[in-house]
Amino acid sequence: MLAKIKNTTFLFVLFFILSSFHSLAQSTGTVYGKIVDADKEPIEGVTISILGSPQPPTISASNGNYSYSIPSDKDVVLVFTSIDHTQEQKTVHVGANQKVEVNRSMVFKNTLIEVEVSDNNRFHPVNRIDPINITHIPTASEDFNAILFTLPGVSSRNELSSSYSVRGGNFDENLVYVNGIEVYRPFLIRSGQQEGLSFINPDLVSSVLFSAGGFEAKYGDKMSSVLDVQYRRPRKFAGTVSGSMLGSNLHLEGNTKNHRFTWLLGARYKTNKYLLSKTDTKGDYKPFFADVQGYLTYDLSDTWELDFLGNYASNKYRIVPENRETDFGTLNDALRLKIYFDGQEVDKFNTMMGALSLIHHDRNDKLNLKFIGSAFRSKESEAFDIQGQYYIDQLETDFGKPTFGNVVANRGVGTYINHARTNLDAYVFSGEHKGTYTAGKKQVLWGVKYNREIISDKLSEWKYVDSAGFSLPLSDPQTNELQNVIKQKINISSNRVSGYAEGIWNKETKDTAIISLIGGIRANYWDLNKQALIGPRATLAVKPNWRDDFLFKFSTGYYYQPPFYRELRDGKGVLNYNIKAQTSIHFVLSSDYNFIAWRRPFKFICEAYYKKLDNIIPYQVDNVRITYSAKNNAHGYARGIDMKVNGEFVKGLESWASLSVMETREDIKDDYYYEYYNSDGQKIVPGYTANYKAVDSVRFEPGYIPRPTDQRVSFGLFFQDKMPHLPDLKMHLNLLFGTGVPFGAPNSQRYQQTLRMPPYRRVDIGFSYQVLRENRKTKPKSPTRVLKSVWVSLEVFNLLDTNNTVSYIWVEDVTSRQYAVPNYLTKRQLNFRMIIKF
């Protein structure tokens with residue numbers, strides 16, 4: 001039955017795409033002109049769209065010129081949108097095949113821009129994010145991805161990490177594009193403090209689109225989300241210098257006088273030594289994270305353009321731990337773990353990426369072609385030998401005793417040693433072509449991509465735990481018993497081919513509604529597992545002709561995720577070359593409502609979704625490290641509802657709040673356990689049942705169990721305010737809450753890993769003051785005349801000083817009882833930041 005449905009859906013979408021090529025012509029006229037700023041300088045990258053219409057927009061060229069086909073014989077409201085300038089609108093009326101000149105002069109706007117409700121992407125299964133707010137979100141990571149963590153459906157439980165999960169997926173299920181080029185995560189990262197810098201440099205960003213599910217066929221082969229980021233093309237020389245107690249950034253941009261060549265450069269340095277100094281583990285931390293990025297464009301002619309995007313990142317993490325002290329347990333059974341360390345850890349993660357793009361766009365902006373060649377390399381190494389001697393002590397819990405809170409007894413003493421020598425070298429070479437053809441309210445998109453992947457990995461890991469001698473074999477006390485031993489040498493190379501075709505059809509009726517239909521097919525083939533995949537995707541959007549501005553969307557489709565290297569490897573480092581693609585079928589019903597409150601614009605979004613998961617690969621998460629079982633032996637689901645309201649709660653400043661309720665579970669096909677009963681009919685429970693002799697047993701299958709990302713409720717808030725009589729002084733509040741996710745003891749079965757971590761609760765607050773305004777008047781000889789603006793900020797991380805748990809360390813006492821000791825994240829700290837733009 002499912003195969004029949006798939007074939008019917010496939011034929012329907014194929015028919016829809018082919019029909020999009022037919023009758024593209026319609027009664028249209030053309031508007032054209034030039035867009036300049038107050039200094040009569042041309043503005044590049046201005047988006048020109050039709051208010052309330054899903055018709056694809058156009059973008060002004062480097063000389064400020066544009067040309068746009070619009071419906072004829074009717075009044076049309078053109079919307080001119082730029083990230084650096086106030087939004088402009090113009091009503092025009094053109095006849096069939098007529099050309100009308102419309103020139104615009106746009107005004108530079110304040111750093112904190114207003115909410116724009118006339119977004120063409122509203123009809124697509126993506127949401128636009130205003131990148132200007134990234135500068136003001138107080139966060140310990142100072143990372144671009146921090147702006148995602150407060151969005152509905154997005155979950156993050158680690159302020160040191162840029163990783164995030166979306167609607168029950170894991171970190172590996174998210175697509176990230178920069179200028180249409182897919183970027184990759186490092187492979188060997190174990191914890192947030194090792195991560196360093198993510199790829200995206202916020203100083204270079206011009207636009208951000210994000211989808212939490214149901215995205216179009218033009219986006220790649222992942223199951224959860226897509227983040228589509230565009231770097232900007234500069235129109236004149238400018239730059240930014242910023243620094244804080246966590247690092248510093250520099251960005252420069254400019255172009256030639258004829259605007260044919262533009263350059264955008266960024267360099268970043270980050271260290272989290274200041275943050276790690278307040279964690280439970282004391283020692284000598286020496287983290288060093290740095291990267292350099294460049295985006296260069298050159299107009300070969302009026303219709304051909306050459307672009308280059310390059311990145312080099314060097315992330316080094318070194319620690320010589322000394323000791324650790326953590327209190328845990330309950331009010332009546334308070335315990336303390338004390339560890340004394342020997343050894344060190346040295347990790348290196350170096351990544352390089354380069355992409356060259358040849359772009360063609362005709363003068364009418366109907367046909368656009370893009371040819372991309374790219375190469376990515378990640379060279380990573382882990383080396384650590386750390387010995388820990390630990391003591392588990394019991395604390396006095398009687399408030400009336402003078403020894404309250406002090407150690408009164410010892411529960412256990414032990415030693416553990418962690419060893420690793422891991423080296424990974426990964427290459428991904430890609431060749432890609434993309435194209436679009438637009439005619440009026442119809443558009444056809446297509447693309448094909450080839451990947452060559454080469455991975456070399458050498459693994460050497462083991463762990464030794466001795467709890468007062470209990471892990472020593474009785475037959476040979478001189479022989480140590482090692483745990484979690486991994487010894488592997490892996491070399492694989494493979495080829496991957498993918499492609500898509502997509503059609504967009506829009507219809508506007510006079511009295512009823514605006515209807516937009518997006519349908520597409522995506523195909524993929526990987527020669528390592530010899531699997532070919534075809535998945536249809538579609539989105540229907542309807543905007544009723546109501547007095548209130550509502551829009552309704554329904555998205556569905558097959559989202560296959562072919563395995564990459566991480567999914568092939570199990571916990572012992574063994575590869576399964578027969579692993580198949582995981583499948584997620586999305587059903588997303590959404591509505592958004594634009595409204596006016598307090599004479600200011602607001603938007604409310606609500607999305608309900610169900611994801612049917614099949615052929616999925618069970619996994620475990622420790623901090624940010626994902627360990628797969630390398631078996632397609634589970635099926636499951638994710639379901640929930642996301643809500644978000646955003647707007648100017650304070651005039652001129654955008655804020656938002658989001659709430660998500662979600663459940664994700666999986667059923668592992670071949671897991672089971674036995675319960676044993678004695679002659680009295682009692683279930684035998686070690687330590688509790690007197691009669692241990694089993695006379696009967698019953699086999700049980702656990703059925704559906706929570707997935708490791710099963711965070712039932714999450715809430716995010718970003719709120720901005722300003723002083724009434726001192727508007728240059730602003731407050732920025734970032735609040736995150738998420739209920740606990742499942743976890744379990746090491747080496748336990750997946751069905752046993754259903755304990756819950758405590759909720760994640762974090763509040764960060766920042767106070768910023770604009771020392772120099774952007775539109776101020778300056779004297780000709782003033783030393784500050786070259787500065788555009790200056791901001792200073794004081795931030796308080798973890799305002800409530802909450803102990804958030806990211807993972808657990810497991811230790812044993814002399815009775816072999818295991819204790820899960822929480823690994824806490826960062827504590828309350830201050831940070832000073834300065835941003836200078838010129």
# chains A, B, ... in the order shown; residues from 1 in each chain; ligands from 1
>>> residues_around(residues="A:Asn63", least_positions_apart="3", cutoff="8 Å", atoms="only C-alpha atoms", output="PyMOL selection string")
chain A and resi 34+42-44+60+259
>>> write_last_selection(atoms="N, CA, C and O atoms", output="mmCIF file, in the first residue's frame")
data_model
loop_
_atom_site.group_PDB
_atom_site.id
_atom_site.type_symbol
_atom_site.label_atom_id
_atom_site.label_comp_id
_atom_site.auth_asym_id
_atom_site.auth_seq_id
_atom_site.Cartn_x
_atom_site.Cartn_y
_atom_site.Cartn_z
ATOM 1 N N LYS A 34 16.848 52.183 -11.163
ATOM 2 C CA LYS A 34 18.099 52.167 -10.411
ATOM 3 C C LYS A 34 17.803 52.551 -8.961
ATOM 4 O O LYS A 34 16.989 53.439 -8.700
ATOM 5 N N PRO A 42 25.032 53.646 -5.838
ATOM 6 C CA PRO A 42 24.145 52.506 -6.139
ATOM 7 C C PRO A 42 24.129 51.498 -4.991
ATOM 8 O O PRO A 42 25.138 51.299 -4.311
ATOM 9 N N ILE A 43 22.987 50.876 -4.791
ATOM 10 C CA ILE A 43 22.824 49.875 -3.732
ATOM 11 C C ILE A 43 22.635 48.514 -4.390
ATOM 12 O O ILE A 43 21.706 48.313 -5.173
ATOM 13 N N GLU A 44 23.496 47.600 -4.046
ATOM 14 C CA GLU A 44 23.415 46.237 -4.569
ATOM 15 C C GLU A 44 22.690 45.340 -3.566
ATOM 16 O O GLU A 44 22.731 45.553 -2.366
ATOM 17 N N SER A 60 18.668 43.745 -7.034
ATOM 18 C CA SER A 60 19.407 44.774 -7.771
ATOM 19 C C SER A 60 20.856 44.361 -7.972
ATOM 20 O O SER A 60 21.463 43.702 -7.124
ATOM 21 N N HIS A 259 32.529 48.829 -9.448
ATOM 22 C CA HIS A 259 31.699 47.846 -8.749
ATOM 23 C C HIS A 259 31.768 46.449 -9.357
ATOM 24 O O HIS A 259 30.951 45.594 -9.017
#
>>> residues_around(residues="A:Val428", least_positions_apart="5", cutoff="7 Å", atoms="only C-alpha atoms", output="PyMOL selection string")
chain A and resi 375-377+451-454
>>> closest_atom_pairs(of="stretch 331-441 of chain A", to="stretch 168-183 of chain A", cutoff="9 Å", atoms="only C-alpha atoms", output="Markdown table")
| residue | atom | partner | partner_atom | distance |
| --- | --- | --- | --- | --- |
| A:Met353 | CA | A:Val183 | CA | 8.5 |
| A:Ala355 | CA | A:Ile181 | CA | 7.7 |
| A:Ile372 | CA | A:Ile181 | CA | 8.3 |
| A:Ser374 | CA | A:Ile181 | CA | 8.2 |
| A:Phe376 | CA | A:Val183 | CA | 8.4 |
>>> closest_residue(among="A:Val292, A:Ala745, A:Leu613, A:Ile515", to="A:Leu309", atoms="only C-alpha atoms")
A:Val292
>>> residues_around(residues="A:Thr135", least_positions_apart="6", cutoff="9 Å", atoms="only C-alpha atoms", output="JSON, numbers by chain")
{"A": [142, 144, 202, 203]}
>>> write_last_selection(atoms="N, CA and C atoms", output="PDB file, in the first residue's frame")
ATOM      1  N   GLU A 142      29.080  33.243  21.812  1.00  0.00           N
ATOM      2  CA  GLU A 142      29.253  34.315  20.826  1.00  0.00           C
ATOM      3  C   GLU A 142      29.240  33.750  19.408  1.00  0.00           C
ATOM      4  N   PHE A 144      27.123  32.383  15.839  1.00  0.00           N
ATOM      5  CA  PHE A 144      25.980  32.715  14.994  1.00  0.00           C
ATOM      6  C   PHE A 144      24.761  31.873  15.344  1.00  0.00           C
ATOM      7  N   PRO A 202      29.147  35.804  11.599  1.00  0.00           N
ATOM      8  CA  PRO A 202      27.989  36.715  11.622  1.00  0.00           C
ATOM      9  C   PRO A 202      28.274  38.095  11.047  1.00  0.00           C
ATOM     10  N   ASP A 203      29.525  38.524  11.012  1.00  0.00           N
ATOM     11  CA  ASP A 203      29.853  39.840  10.452  1.00  0.00           C
ATOM     12  C   ASP A 203      29.676  39.891   8.933  1.00  0.00           C
TER      13      ASP A 203
END
>>> residues_around(residues="A:Ser793", least_positions_apart="4", cutoff="8 Å", atoms="only C-alpha atoms", output="number ranges by chain")
A: 766-769, 832-834
>>> residues_around(residues="stretch 272-288 of chain A", least_positions_apart="6", cutoff="9 Å", atoms="only C-alpha atoms", output="MDAnalysis selection string")
chainID A and resid 140:141 160 193:194 196 245:247 314:326 339 823:829
>>> closest_residue(among="A:Val154, A:Val695, A:Val444, A:Leu227", to="A:Gln711", atoms="only C-alpha atoms")
A:Val154
>>> closest_residue(among="A:Phe649, A:Val661, A:Phe199, A:Leu799", to="A:Asp143", atoms="only C-alpha atoms")
A:Phe199
>>> closest_atom_pairs(of="stretch 157-259 of chain A", to="stretch 70-90 of chain A", cutoff="12 Å", atoms="only C-alpha atoms", output="CSV")
residue,atom,partner,partner_atom,distance
A:Val205,CA,A:Ile83,CA,9.9
A:Ser206,CA,A:Ile83,CA,6.7
A:Ser207,CA,A:Ile83,CA,7.8
A:Val208,CA,A:Ile83,CA,10.9
A:Gln230,CA,A:Ile83,CA,11.9
A:Tyr231,CA,A:Ile83,CA,11.8
A:Arg232,CA,A:Ile83,CA,9.8
A:Arg233,CA,A:Ile83,CA,11.8
A:Pro234,CA,A:Asp84,CA,11.2
A:Arg235,CA,A:Asp84,CA,11.1
>>> write_last_selection(atoms="C-alpha atoms", output="PDB file, in the first residue's frame")
ATOM      1  CA  VAL A 205      25.880  37.632   6.768  1.00  0.00           C
ATOM      2  CA  SER A 206      23.236  39.436   4.699  1.00  0.00           C
ATOM      3  CA  SER A 207      20.241  37.081   4.879  1.00  0.00           C
ATOM      4  CA  VAL A 208      19.162  33.989   6.813  1.00  0.00           C
ATOM      5  CA  GLN A 230      23.873  34.307   2.241  1.00  0.00           C
ATOM      6  CA  TYR A 231      27.010  36.425   2.573  1.00  0.00           C
ATOM      7  CA  ARG A 232      26.632  39.953   1.240  1.00  0.00           C
ATOM      8  CA  ARG A 233      28.237  41.760  -1.665  1.00  0.00           C
ATOM      9  CA  PRO A 234      29.743  45.052  -0.432  1.00  0.00           C
ATOM     10  CA  ARG A 235      28.858  48.332  -2.095  1.00  0.00           C
TER      11      ARG A 235
END
>>> closest_residue(among="A:Ser62, A:Ser378, A:Thr262, A:Ser165", to="A:Val226", atoms="only C-alpha atoms")
A:Ser165
>>> residues_around(residues="A:Gly535", least_positions_apart="6", cutoff="8 Å", atoms="only C-alpha atoms", output="list in words")
Phe10, Ile521, Arg522, Ala523, Gly557, Tyr558, Tyr559 and Tyr560 of chain A
>>> write_last_selection(atoms="C-alpha atoms", output="PDB file, in the first residue's frame")
ATOM      1  CA  PHE A  10       5.733  10.559  -7.496  1.00  0.00           C
ATOM      2  CA  ILE A 521      11.470  15.522  -6.649  1.00  0.00           C
ATOM      3  CA  ARG A 522      14.863  14.788  -5.165  1.00  0.00           C
ATOM      4  CA  ALA A 523      17.059  11.810  -6.147  1.00  0.00           C
ATOM      5  CA  GLY A 557       7.433  14.832   1.496  1.00  0.00           C
ATOM      6  CA  TYR A 558       9.947  12.035   1.777  1.00  0.00           C
ATOM      7  CA  TYR A 559      13.242  13.058   3.377  1.00  0.00           C
ATOM      8  CA  TYR A 560      15.946  10.447   2.962  1.00  0.00           C
TER       9      TYR A 560
END
>>> select_by_dssp(residues="stretch 23-226 of chain A", states="helix (DSSP H, G or I)", output="list in words")
Asn120, Asn121, Arg122, Phe123, Pro131, Ile132, Asn133, Ile134, Thr135, His136, Phe144, Asn145, Ala146, Ile147, Phe171, Asp172, Glu173, Gly192, Gln193, Gln194, Glu195, Pro202, Asp203 and Leu204 of chain A
